[in-house]
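Engineer: Dropping in entry_28.csv, which is CSV, C-alpha atoms and all ligand atoms:
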```csv
chain,number,residue,atom,x,y,z
A,1,MET,CA,-27.0,6.2,3.7
A,2,LYS,CA,-28.6,3.2,1.9
A,3,GLU,CA,-26.2,2.6,-1.0
A,4,ILE,CA,-22.7,3.4,-2.0
A,5,LYS,CA,-20.6,3.0,-5.1
A,6,ILE,CA,-16.8,2.5,-4.7
A,7,PHE,CA,-13.7,2.1,-6.8
A,8,SER,CA,-11.7,-0.8,-5.4
A,9,PRO,CA,-8.1,-0.8,-6.7
A,10,GLY,CA,-5.7,-3.4,-7.9
A,11,THR,CA,-2.6,-4.0,-5.9
A,12,ILE,CA,0.9,-5.3,-6.3
A,13,ALA,CA,1.8,-7.8,-3.6
A,14,ASN,CA,5.4,-8.9,-2.6
A,15,VAL,CA,7.1,-6.0,-4.5
A,16,SER,CA,10.1,-8.3,-5.2
A,17,CYS,CA,11.9,-8.6,-1.9
A,18,GLY,CA,8.9,-8.6,0.4
A,19,PHE,CA,7.2,-12.0,-0.3
A,20,ASP,CA,3.9,-12.2,1.6
A,21,ALA,CA,4.7,-9.0,3.5
A,22,LEU,CA,4.9,-5.9,1.2
A,23,GLY,CA,2.2,-4.5,-1.0
A,24,CYS,CA,1.3,-1.3,-2.8
A,25,CYS,CA,-1.9,0.2,-4.2
A,26,LEU,CA,-2.6,1.1,-7.9
A,27,ASP,CA,-5.0,3.8,-9.1
A,28,THR,CA,-5.9,3.3,-12.7
A,29,ILE,CA,-6.7,-0.4,-12.5
A,30,GLY,CA,-9.6,-1.5,-10.3
A,31,ASP,CA,-13.1,-2.8,-9.9
A,32,GLU,CA,-16.3,-0.9,-9.2
A,33,MET,CA,-18.7,-2.1,-6.6
A,34,ILE,CA,-22.1,-1.1,-5.3
A,35,ILE,CA,-23.1,-2.1,-1.8
A,36,ARG,CA,-26.6,-1.4,-0.6
A,37,LYS,CA,-28.8,-2.1,2.5
A,38,THR,CA,-31.7,-4.4,1.8
A,39,ASP,CA,-34.7,-5.7,3.8
A,40,LYS,CA,-33.4,-9.3,3.3
A,41,LYS,CA,-31.0,-10.2,6.1
A,42,GLY,CA,-27.5,-11.6,5.4
A,43,VAL,CA,-25.3,-10.9,2.3
A,44,GLN,CA,-26.3,-11.4,-1.3
A,45,ILE,CA,-24.2,-11.0,-4.4
A,46,THR,CA,-26.8,-9.8,-6.9
A,47,LYS,CA,-24.7,-8.7,-9.9
A,48,ILE,CA,-21.3,-9.6,-11.4
A,49,THR,CA,-20.1,-8.2,-14.7
A,50,GLY,CA,-16.7,-8.6,-16.4
A,51,ASP,CA,-16.0,-12.2,-15.3
A,52,ASP,CA,-17.6,-15.5,-14.5
A,53,LEU,CA,-17.4,-15.6,-10.7
A,54,PRO,CA,-19.6,-17.4,-8.2
A,55,PHE,CA,-22.7,-15.7,-6.9
A,56,GLU,CA,-23.0,-17.9,-3.9
A,57,THR,CA,-22.0,-15.8,-0.9
A,58,HIS,CA,-19.8,-18.5,0.6
A,59,LYS,CA,-17.9,-19.1,-2.7
A,60,ASN,CA,-17.1,-15.5,-3.5
A,61,VAL,CA,-14.4,-13.7,-1.5
A,62,ALA,CA,-16.6,-10.6,-1.3
A,63,GLY,CA,-19.3,-12.6,0.4
A,64,VAL,CA,-17.0,-14.4,2.8
A,65,ALA,CA,-15.3,-11.1,3.8
A,66,ALA,CA,-18.7,-9.5,4.4
A,67,LEU,CA,-19.9,-12.3,6.6
A,68,ALA,CA,-16.6,-12.2,8.6
A,69,LEU,CA,-17.4,-8.5,9.3
A,70,LEU,CA,-21.0,-9.1,10.2
A,71,GLU,CA,-20.1,-11.9,12.6
A,72,LYS,CA,-18.1,-9.4,14.7
A,73,TYR,CA,-20.8,-6.7,14.5
A,74,ASN,CA,-22.4,-7.0,17.9
A,75,LYS,CA,-25.6,-4.9,17.3
A,76,SER,CA,-28.6,-6.8,16.0
A,77,ILE,CA,-29.7,-5.5,12.6
A,78,ASP,CA,-33.0,-6.2,10.8
A,79,TYR,CA,-31.5,-5.6,7.4
A,80,GLY,CA,-28.9,-7.1,5.1
A,81,PHE,CA,-26.6,-6.2,2.3
A,82,GLU,CA,-26.5,-6.6,-1.5
A,83,ILE,CA,-23.2,-6.5,-3.4
A,84,GLU,CA,-22.7,-5.7,-7.1
A,85,ILE,CA,-19.3,-6.4,-8.5
A,86,TYR,CA,-18.1,-4.8,-11.8
A,87,LYS,CA,-14.9,-6.6,-12.5
A,88,ASN,CA,-12.1,-5.0,-14.4
A,89,ILE,CA,-9.2,-6.9,-12.8
A,90,LYS,CA,-9.1,-10.4,-14.2
A,91,PRO,CA,-8.9,-13.1,-11.6
A,92,GLY,CA,-5.5,-14.9,-11.5
A,93,SER,CA,-3.8,-11.8,-12.9
A,94,GLY,CA,-1.5,-11.2,-9.9
A,95,ILE,CA,-2.9,-7.7,-9.4
A,96,GLY,CA,-5.2,-8.5,-6.6
A,97,SER,CA,-8.5,-9.3,-8.2
A,98,SER,CA,-9.9,-11.3,-5.3
A,99,ALA,CA,-8.4,-8.8,-2.8
A,100,ALA,CA,-10.2,-5.9,-4.5
A,101,SER,CA,-13.6,-7.7,-4.0
A,102,ALA,CA,-12.9,-8.7,-0.4
A,103,ALA,CA,-11.6,-5.3,0.6
A,104,GLY,CA,-14.3,-3.5,-1.3
A,105,ALA,CA,-17.1,-5.5,0.4
A,106,VAL,CA,-15.9,-4.7,4.0
A,107,PHE,CA,-15.1,-1.1,3.2
A,108,GLY,CA,-18.6,-0.6,1.8
A,109,ILE,CA,-20.5,-2.4,4.6
A,110,ASN,CA,-18.5,-0.6,7.3
A,111,LYS,CA,-19.5,2.7,5.7
A,112,LEU,CA,-23.1,1.8,5.6
A,113,LEU,CA,-22.9,0.8,9.3
A,114,ASN,CA,-21.4,4.2,10.1
A,115,GLU,CA,-17.9,2.9,10.4
A,116,PRO,CA,-17.8,0.9,13.6
A,117,PHE,CA,-14.6,-0.9,12.6
A,118,THR,CA,-11.0,0.3,12.3
A,119,ALA,CA,-8.9,-0.1,9.2
A,120,GLN,CA,-6.9,-2.9,10.9
A,121,GLU,CA,-10.1,-4.7,11.6
A,122,LEU,CA,-11.3,-4.3,8.0
A,123,ILE,CA,-8.0,-5.8,6.8
A,124,LEU,CA,-8.6,-8.8,9.1
A,125,PHE,CA,-12.2,-9.3,7.7
A,126,ALA,CA,-11.0,-8.9,4.1
A,127,SER,CA,-8.2,-11.4,4.7
A,128,LYS,CA,-10.8,-14.0,5.7
A,129,GLY,CA,-12.2,-13.6,2.2
A,130,GLU,CA,-8.8,-14.2,0.8
A,131,GLU,CA,-8.6,-17.4,2.8
A,132,LEU,CA,-11.2,-18.8,0.5
A,133,VAL,CA,-8.8,-18.7,-2.5
A,134,SER,CA,-5.4,-18.8,-0.7
A,135,ASP,CA,-5.7,-21.4,2.0
A,136,PHE,CA,-4.5,-18.7,4.4
A,137,PRO,CA,-6.0,-15.3,5.5
A,138,ILE,CA,-3.3,-13.5,3.6
A,139,ALA,CA,-3.3,-9.7,3.9
A,140,ASP,CA,-0.6,-8.5,1.5
A,141,ASN,CA,-3.1,-7.4,-1.2
A,142,VAL,CA,-6.1,-6.4,1.0
A,143,ALA,CA,-4.0,-4.2,3.2
A,144,PRO,CA,-2.8,-1.8,0.4
A,145,ALA,CA,-6.3,-1.9,-1.2
A,146,LEU,CA,-7.8,-0.6,2.1
A,147,LEU,CA,-5.0,1.7,3.3
A,148,GLY,CA,-3.5,2.9,0.1
A,149,GLY,CA,0.2,3.5,-0.6
A,150,PHE,CA,2.7,0.9,0.5
A,151,THR,CA,2.0,-1.5,3.4
A,152,LEU,CA,3.9,-4.0,5.3
A,153,VAL,CA,2.2,-7.0,7.1
A,154,LYS,CA,4.3,-7.1,10.2
A,155,GLY,CA,2.7,-10.2,11.5
A,156,TYR,CA,-0.5,-12.3,11.8
A,157,ASP,CA,-0.7,-13.2,15.5
A,158,PRO,CA,-2.1,-10.7,16.1
A,159,LEU,CA,-2.5,-9.1,12.6
A,160,LYS,CA,-0.5,-5.9,12.4
A,161,VAL,CA,-0.1,-3.9,9.2
A,162,LEU,CA,2.1,-0.8,8.9
A,163,LYS,CA,1.3,1.9,6.4
A,164,LEU,CA,4.5,3.2,4.8
A,165,PRO,CA,5.0,6.6,3.1
A,166,VAL,CA,5.4,6.8,-0.7
A,167,MET,CA,7.1,9.2,-3.1
A,168,ASP,CA,4.8,11.5,-5.1
A,169,ASP,CA,6.3,10.7,-8.4
A,170,LEU,CA,6.3,6.9,-8.2
A,171,TYR,CA,4.6,5.1,-11.1
A,172,ALA,CA,4.2,1.5,-12.1
A,173,THR,CA,4.1,0.1,-15.6
A,174,ILE,CA,2.3,-3.2,-15.5
A,175,LEU,CA,2.3,-5.9,-18.2
A,176,HIS,CA,-0.5,-8.5,-17.8
A,177,PRO,CA,0.1,-11.4,-20.2
A,178,GLN,CA,-3.3,-13.0,-20.7
A,179,ILE,CA,-2.5,-16.4,-19.2
A,180,GLU,CA,-3.9,-17.4,-15.9
A,181,ILE,CA,-1.6,-18.5,-13.0
A,182,LYS,CA,-3.6,-19.6,-10.0
A,183,THR,CA,-2.1,-18.5,-6.7
A,184,SER,CA,-2.2,-22.1,-5.5
A,185,GLU,CA,-0.2,-23.3,-8.6
A,186,SER,CA,2.5,-20.6,-8.1
A,187,ARG,CA,2.8,-21.5,-4.4
A,188,ALA,CA,3.1,-25.2,-5.1
A,189,ILE,CA,6.3,-24.7,-7.1
A,190,LEU,CA,8.1,-22.8,-4.3
A,191,PRO,CA,10.8,-24.6,-2.3
A,192,GLU,CA,10.1,-25.2,1.4
A,193,LYS,CA,13.5,-23.9,2.5
A,194,ALA,CA,15.5,-20.8,1.6
A,195,ASN,CA,19.3,-20.5,1.4
A,196,LEU,CA,20.6,-18.5,4.3
A,197,LYS,CA,22.9,-16.3,2.2
A,198,ASP,CA,20.0,-15.5,-0.1
A,199,ALA,CA,17.7,-14.8,2.9
A,200,VAL,CA,20.3,-12.4,4.4
A,201,LYS,CA,20.3,-10.4,1.1
A,202,GLN,CA,16.6,-10.5,0.9
A,203,TRP,CA,15.8,-9.1,4.4
A,204,ALA,CA,18.5,-6.4,3.9
A,205,ASN,CA,16.7,-5.4,0.7
A,206,VAL,CA,13.3,-5.2,2.6
A,207,GLY,CA,14.9,-3.0,5.2
A,208,ALA,CA,16.5,-0.8,2.5
A,209,LEU,CA,13.3,-0.5,0.6
A,210,VAL,CA,11.4,0.6,3.7
A,211,HIS,CA,14.1,3.2,4.4
A,212,ALA,CA,14.0,4.4,0.8
A,213,LEU,CA,10.3,5.0,1.1
A,214,HIS,CA,10.8,7.1,4.2
A,215,THR,CA,13.7,9.1,2.8
A,216,GLU,CA,12.2,9.4,-0.8
A,217,ASP,CA,15.3,7.8,-2.2
A,218,TYR,CA,14.4,6.5,-5.7
A,219,ASP,CA,17.8,5.0,-6.3
A,220,LEU,CA,17.9,3.0,-3.1
A,221,PHE,CA,14.3,2.0,-3.8
A,222,GLY,CA,15.2,0.6,-7.2
A,223,SER,CA,18.4,-1.1,-6.0
A,224,SER,CA,16.3,-2.9,-3.3
A,225,LEU,CA,13.9,-4.5,-5.8
A,226,HIS,CA,15.5,-7.9,-5.9
A,227,ASP,CA,14.0,-11.3,-5.1
A,228,LEU,CA,16.4,-14.1,-4.8
A,229,ILE,CA,14.0,-16.5,-3.1
A,230,VAL,CA,10.7,-16.7,-5.0
A,231,GLU,CA,11.2,-15.0,-8.4
A,232,PRO,CA,13.7,-17.6,-9.8
A,233,TYR,CA,11.0,-20.2,-9.5
A,234,ARG,CA,7.9,-18.2,-10.4
A,235,SER,CA,9.5,-16.4,-13.4
A,236,GLN,CA,9.6,-19.8,-15.2
A,237,LEU,CA,5.8,-19.7,-15.4
A,238,ILE,CA,5.9,-16.3,-17.2
A,239,PRO,CA,6.9,-16.4,-20.9
A,240,GLY,CA,9.2,-13.6,-21.8
A,241,PHE,CA,9.9,-12.5,-18.2
A,242,ASP,CA,13.7,-12.0,-18.5
A,243,GLN,CA,13.2,-10.0,-21.7
A,244,VAL,CA,10.6,-7.6,-20.1
A,245,VAL,CA,12.9,-7.1,-17.1
A,246,LYS,CA,15.8,-6.3,-19.4
A,247,THR,CA,13.7,-3.9,-21.5
A,248,ALA,CA,12.7,-2.1,-18.3
A,249,LYS,CA,16.3,-1.9,-17.1
A,250,ASP,CA,17.5,-0.6,-20.4
A,251,ASN,CA,14.8,2.0,-20.5
A,252,GLY,CA,15.4,3.7,-17.1
A,253,ALA,CA,13.0,1.7,-14.8
A,254,LEU,CA,13.9,1.7,-11.2
A,255,GLY,CA,13.4,-2.0,-11.0
A,256,SER,CA,10.9,-4.8,-12.0
A,257,GLY,CA,9.5,-8.0,-10.6
A,258,ILE,CA,6.5,-10.3,-10.5
A,259,SER,CA,3.3,-8.8,-9.3
A,260,GLY,CA,1.8,-11.1,-6.6
A,261,SER,CA,1.9,-14.6,-7.9
A,262,GLY,CA,2.0,-13.5,-11.5
A,263,PRO,CA,1.8,-13.5,-14.5
A,264,SER,CA,1.7,-9.7,-14.3
A,265,ILE,CA,5.1,-8.0,-14.3
A,266,PHE,CA,5.6,-4.6,-12.7
A,267,SER,CA,8.3,-2.0,-13.4
A,268,PHE,CA,8.6,1.1,-11.2
A,269,CYS,CA,9.5,4.4,-12.8
A,270,LYS,CA,10.1,7.9,-11.6
A,271,GLY,CA,7.5,10.1,-13.3
A,272,ILE,CA,4.7,9.4,-15.7
A,273,GLN,CA,6.7,10.2,-18.8
A,274,GLN,CA,9.2,7.5,-18.0
A,275,ALA,CA,6.5,5.0,-17.2
A,276,GLU,CA,4.6,5.7,-20.5
A,277,LYS,CA,7.8,5.5,-22.5
A,278,LEU,CA,8.5,2.1,-20.9
A,279,ARG,CA,4.9,1.0,-21.6
A,280,ASP,CA,5.5,1.7,-25.4
A,281,LYS,CA,8.8,-0.2,-25.4
A,282,ILE,CA,7.5,-3.2,-23.6
A,283,LYS,CA,4.4,-3.3,-25.9
A,284,LYS,CA,6.8,-3.6,-28.9
A,285,VAL,CA,8.9,-6.3,-27.3
A,286,TYR,CA,6.0,-8.4,-26.0
A,287,LYS,CA,4.2,-8.4,-29.3
A,288,LYS,CA,6.9,-10.9,-30.4
A,289,ALA,CA,5.9,-13.3,-27.6
A,290,ASP,CA,2.6,-14.0,-29.4
A,291,ILE,CA,0.6,-13.9,-26.2
A,292,PRO,CA,-2.3,-11.4,-25.9
A,293,PHE,CA,-1.6,-8.9,-23.1
A,294,HIS,CA,-2.8,-5.7,-21.4
A,295,ILE,CA,-0.4,-3.0,-20.3
A,296,TYR,CA,-1.2,-0.3,-17.8
A,297,VAL,CA,0.5,2.7,-16.3
A,298,SER,CA,-0.5,3.7,-12.8
A,299,LYS,CA,0.5,6.1,-10.1
A,300,ILE,CA,0.9,4.6,-6.7
A,301,ASN,CA,-2.5,5.4,-5.1
A,302,LYS,CA,-2.0,6.9,-1.6
A,303,LYS,CA,-5.7,6.7,-0.6
A,304,GLY,CA,-6.8,3.1,-1.4
A,305,ILE,CA,-10.5,2.4,-1.9
A,306,LYS,CA,-12.6,5.5,-2.6
A,307,LEU,CA,-16.3,6.4,-3.0
A,308,ILE,CA,-17.3,7.3,-6.5
B,401,LIG,P1,-5.6,-12.6,-8.0
B,401,LIG,O1,-4.1,-12.5,-7.5
B,401,LIG,O2,-5.7,-11.9,-9.3
B,401,LIG,O3,-6.6,-12.2,-7.0
B,401,LIG,P2,-6.1,-15.3,-7.2
B,401,LIG,O4,-5.7,-16.5,-7.9
B,401,LIG,O5,-5.6,-15.0,-5.9
B,401,LIG,O6,-5.8,-14.1,-8.3
B,401,LIG,O7,-7.7,-15.3,-7.1
B,401,LIG,C1,-8.5,-15.6,-8.1
B,401,LIG,C2,-9.4,-16.8,-7.7
B,401,LIG,O8,-10.4,-16.3,-6.7
B,401,LIG,C3,-10.2,-17.3,-8.8
B,401,LIG,O9,-10.2,-18.7,-8.7
B,401,LIG,C4,-11.6,-16.8,-8.6
B,401,LIG,O10,-12.6,-17.7,-9.1
B,401,LIG,C5,-11.7,-16.7,-7.1
B,401,LIG,N1,-12.7,-15.6,-6.7
B,401,LIG,C6,-13.7,-15.8,-5.8
B,401,LIG,N2,-14.4,-14.6,-5.7
B,401,LIG,C7,-13.7,-13.7,-6.4
B,401,LIG,C8,-13.9,-12.3,-6.7
B,401,LIG,N3,-15.0,-11.7,-6.1
B,401,LIG,N4,-13.1,-11.7,-7.4
B,401,LIG,C9,-12.0,-12.4,-8.0
B,401,LIG,N5,-11.8,-13.7,-7.8
B,401,LIG,C10,-12.6,-14.3,-7.0
```
Here is the file; what I need is its structure written in the form of structure tokens.
Ligand code: ADP

Structural biologist:
Amino acid sequence: MKEIKIFSPGTIANVSCGFDALGCCLDTIGDEMIIRKTDKKGVQITKITGDDLPFETHKNVAGVAALALLEKYNKSIDYGFEIEIYKNIKPGSGIGSSAASAAGAVFGINKLLNEPFTAQELILFASKGEELVSDFPIADNVAPALLGGFTLVKGYDPLKVLKLPVMDDLYATILHPQIEIKTSESRAILPEKANLKDAVKQWANVGALVHALHTEDYDLFGSSLHDLIVEPYRSQLIPGFDQVVKTAKDNGALGSGISGSGPSIFSFCKGIQQAEKLRDKIKKVYKKADIPFHIYVSKINKKGIKLI
């Protein structure tokens, strides 16, 4: 195999109660990438469409993640890799734009090397790419992109990611207001300490959400989607947030929250019809906010990155 083409999906990190720990994978929103072996050693980014992102290997998360993988590959190779990125996920959207590139690069190179690395190792390499834009090798977006479904980052020392089961009929309606919120900016506004009473509710919700996924309990899942610690701060950066959440609640959504560091807002629904009905309602409501937006409906993708 000399070249592969992949679909690298968008992801929702945090999922309300699971700040920096939970994530899930989308399937209608994502980038395409081509990764090919070349005679020139090292890693080159040779094409980017859809956004104005750096071509320098060390400045693009895809390049940094690819180099992290090659550094750990202990066979000497007399070839290198070219990466083409066809962006559909806008950077700074909160739906894992940088993670899709980092995860896609390591997935593709691992395939072309005949899969010497495990999924956990790929998550680690991809997280090194994320470090370029997050100041920390955060794995809560790259893990669901690589594993699919819902994931929980159990810890970083050593990195351990759990893949959780997911209900067949779980859909997300995602509103992406076209304003950019940098992850660094939305981290800077967070308090250093959390209130203990809020923290107790928060970790009870994380446990309940994980149980709901295992027992396919949609109601418990929905009632666990609360974030008392981060959302009160970050929601202030998103115009119309409360109104979108209310519209979702009034129209049968299981629950809503900020996707990653925002500005995208997700609402989970049982079934595609419910999710599409909600999309139409939110469209109507958000038009009044006078901010351009995109809105998507996506099933939760159980497989993660795939060859196309
Ligand atoms: P998101 O949550 O949508 O990934 P981030 O703020 O975490 O948004 O990441 C976007 C930042 O990462 C931007 O500053 C962008 O320039 C930078 N970046 C570097 N390489 C890439 C890439 N391949 N894809 C997307 N963003 C990238």

Engineer: Using only C-alpha atoms, pick whichever of A:Thr215, A:Ser235, A:Thr173, A:Thr183 has the shortest atom-to-atom distance to Gly271 of chain A.

Structural biologist: A:Thr173

Engineer: Give me, as a list of chain:residue names, the set of residues whose atoms come within 6 Å of any atom of ligand LIG 401 (chain B), counting only C-alpha atoms and all ligand atoms.

Structural biologist: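 Those residues are A:Leu53, A:Asn60, A:Val61, A:Ala62, A:Pro91, A:Gly92, A:Ser93, A:Gly94, A:Ile95, A:Gly96, A:Ser97, A:Ser98, A:Ala99, A:Ser101, A:Val133, A:Lys182, A:Thr183.
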
Engineer: Could you please determine the separation between atom CA of Gly50 of chain A and atom CA of Glu115 of chain A in Å, to one decimal place?

Structural biologist: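 Distance between the two atoms: 29.2 Å.
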
Engineer: From the options A:Ile229, A:Leu132, A:Ala139, A:Ile179, which residue's atoms come nearest to Lys201 of chain A, counting only C-alpha atoms?

Structural biologist: A:Ile229

Engineer: My list of candidates is A:Phe55, A:Ile189, A:Leu228, A:Gln120. Which is closest to Ala204 of chain A when distances are computed with only C-alpha atoms?

Structural biologist: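 So, comparing all the options, the nearest one is A:Leu228.
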
Engineer: Separation of atom CA of Ile89 of chain A and atom CA of Thr11 of chain A, in Å?

Structural biologist: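 The value is 10.0 Å.
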
Engineer: Sorted by chain and rising residue number, which residues of segment 181-266 of chain A lie within 10 Å of segment 143-165 of chain A, and what are their closest atom pairs and distances in Å to one decimal, counting all atoms listed in the file, as CSV?

Structural biologist:
```
residue,atom,partner,partner_atom,distance
A:Val206,CA,A:Leu152,CA,9.9
A:Val210,CA,A:Leu164,CA,7.5
A:His211,CA,A:Leu164,CA,9.6
A:Ala212,CA,A:Pro165,CA,9.5
A:Leu213,CA,A:Pro165,CA,5.9
A:His214,CA,A:Pro165,CA,5.9
A:Thr215,CA,A:Pro165,CA,9.1
A:Glu216,CA,A:Pro165,CA,8.7
```

Engineer: Just to confirm, what's the straight-line distance from atom CA of Glu180 of chain A to atom CA of Pro239 of chain A in Å (one decimal)?

Structural biologist: 11.9 Å

Engineer: Taking all atoms listed in the file into account, name the residue in A:Tyr286, A:Ala172, A:Ala65, A:Gly104 that is nearest to Ser127 of chain A.

Structural biologist: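 Closest to Ser127 of chain A, using all atoms listed in the file: A:Ala65.
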
Engineer: Nearest to Glu130 of chain A among A:Gly108, A:Pro116, A:Gly63, A:Pro191, with distances taken over all atoms listed in the file: which residue is it?

Structural biologist: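 Of A:Gly108, A:Pro116, A:Gly63, A:Pro191, the one nearest Glu130 of chain A, counting all atoms listed in the file, is A:Gly63.
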
Engineer: Kindly complete segment 264-272 of chain A to all heavy atoms; the output should be written as a compact mmCIF listing (two decimals), in the frame of the given file.

Structural biologist:
```
# COMPACT_ATOMS: atom_id res chain seq x y z
N SER A 264 1.43 -11.11 -14.04
CA SER A 264 1.70 -9.70 -14.30
C SER A 264 3.15 -9.35 -13.83
O SER A 264 3.63 -9.88 -12.83
CB SER A 264 0.73 -8.79 -13.62
OG SER A 264 -0.53 -8.94 -14.23
N ILE A 265 3.78 -8.48 -14.61
CA ILE A 265 5.10 -8.00 -14.30
C ILE A 265 5.08 -6.51 -14.08
O ILE A 265 4.57 -5.78 -14.95
CB ILE A 265 6.12 -8.33 -15.45
CG1 ILE A 265 6.09 -9.82 -15.81
CG2 ILE A 265 7.54 -7.87 -15.10
CD1 ILE A 265 6.82 -10.15 -17.13
N PHE A 266 5.57 -6.04 -12.95
CA PHE A 266 5.60 -4.60 -12.70
C PHE A 266 6.96 -4.02 -12.93
O PHE A 266 7.96 -4.71 -12.72
CB PHE A 266 5.10 -4.27 -11.27
CG PHE A 266 6.09 -4.70 -10.22
CD1 PHE A 266 7.21 -3.92 -9.93
CD2 PHE A 266 5.95 -5.90 -9.54
CE1 PHE A 266 8.15 -4.33 -8.99
CE2 PHE A 266 6.88 -6.31 -8.60
CZ PHE A 266 7.98 -5.53 -8.33
N SER A 267 7.01 -2.76 -13.32
CA SER A 267 8.30 -2.00 -13.40
C SER A 267 7.97 -0.65 -12.75
O SER A 267 7.01 0.01 -13.17
CB SER A 267 8.76 -1.82 -14.79
OG SER A 267 8.94 -3.07 -15.41
N PHE A 268 8.75 -0.24 -11.78
CA PHE A 268 8.60 1.10 -11.20
C PHE A 268 9.38 2.12 -11.94
O PHE A 268 10.50 1.83 -12.36
CB PHE A 268 8.97 1.10 -9.72
CG PHE A 268 7.98 0.42 -8.82
CD1 PHE A 268 8.29 -0.77 -8.18
CD2 PHE A 268 6.72 0.98 -8.60
CE1 PHE A 268 7.39 -1.40 -7.35
CE2 PHE A 268 5.81 0.36 -7.77
CZ PHE A 268 6.14 -0.83 -7.14
N CYS A 269 8.80 3.30 -12.09
CA CYS A 269 9.50 4.40 -12.80
C CYS A 269 9.29 5.68 -11.97
O CYS A 269 8.30 5.84 -11.26
CB CYS A 269 8.88 4.64 -14.16
SG CYS A 269 9.15 3.29 -15.30
N LYS A 270 10.25 6.60 -12.15
CA LYS A 270 10.10 7.90 -11.60
C LYS A 270 9.42 8.80 -12.62
O LYS A 270 10.01 9.06 -13.67
CB LYS A 270 11.44 8.50 -11.16
CG LYS A 270 11.31 9.83 -10.48
CD LYS A 270 12.65 10.34 -9.98
CE LYS A 270 12.43 11.67 -9.29
NZ LYS A 270 13.67 12.28 -8.82
N GLY A 271 8.20 9.22 -12.35
CA GLY A 271 7.50 10.10 -13.30
C GLY A 271 6.67 9.39 -14.31
O GLY A 271 7.00 8.28 -14.74
N ILE A 272 5.59 10.03 -14.72
CA ILE A 272 4.70 9.40 -15.70
C ILE A 272 5.26 9.28 -17.06
O ILE A 272 5.00 8.30 -17.78
CB ILE A 272 3.30 10.13 -15.68
CG1 ILE A 272 2.28 9.31 -16.48
CG2 ILE A 272 3.40 11.55 -16.21
CD1 ILE A 272 0.84 9.71 -16.29
```
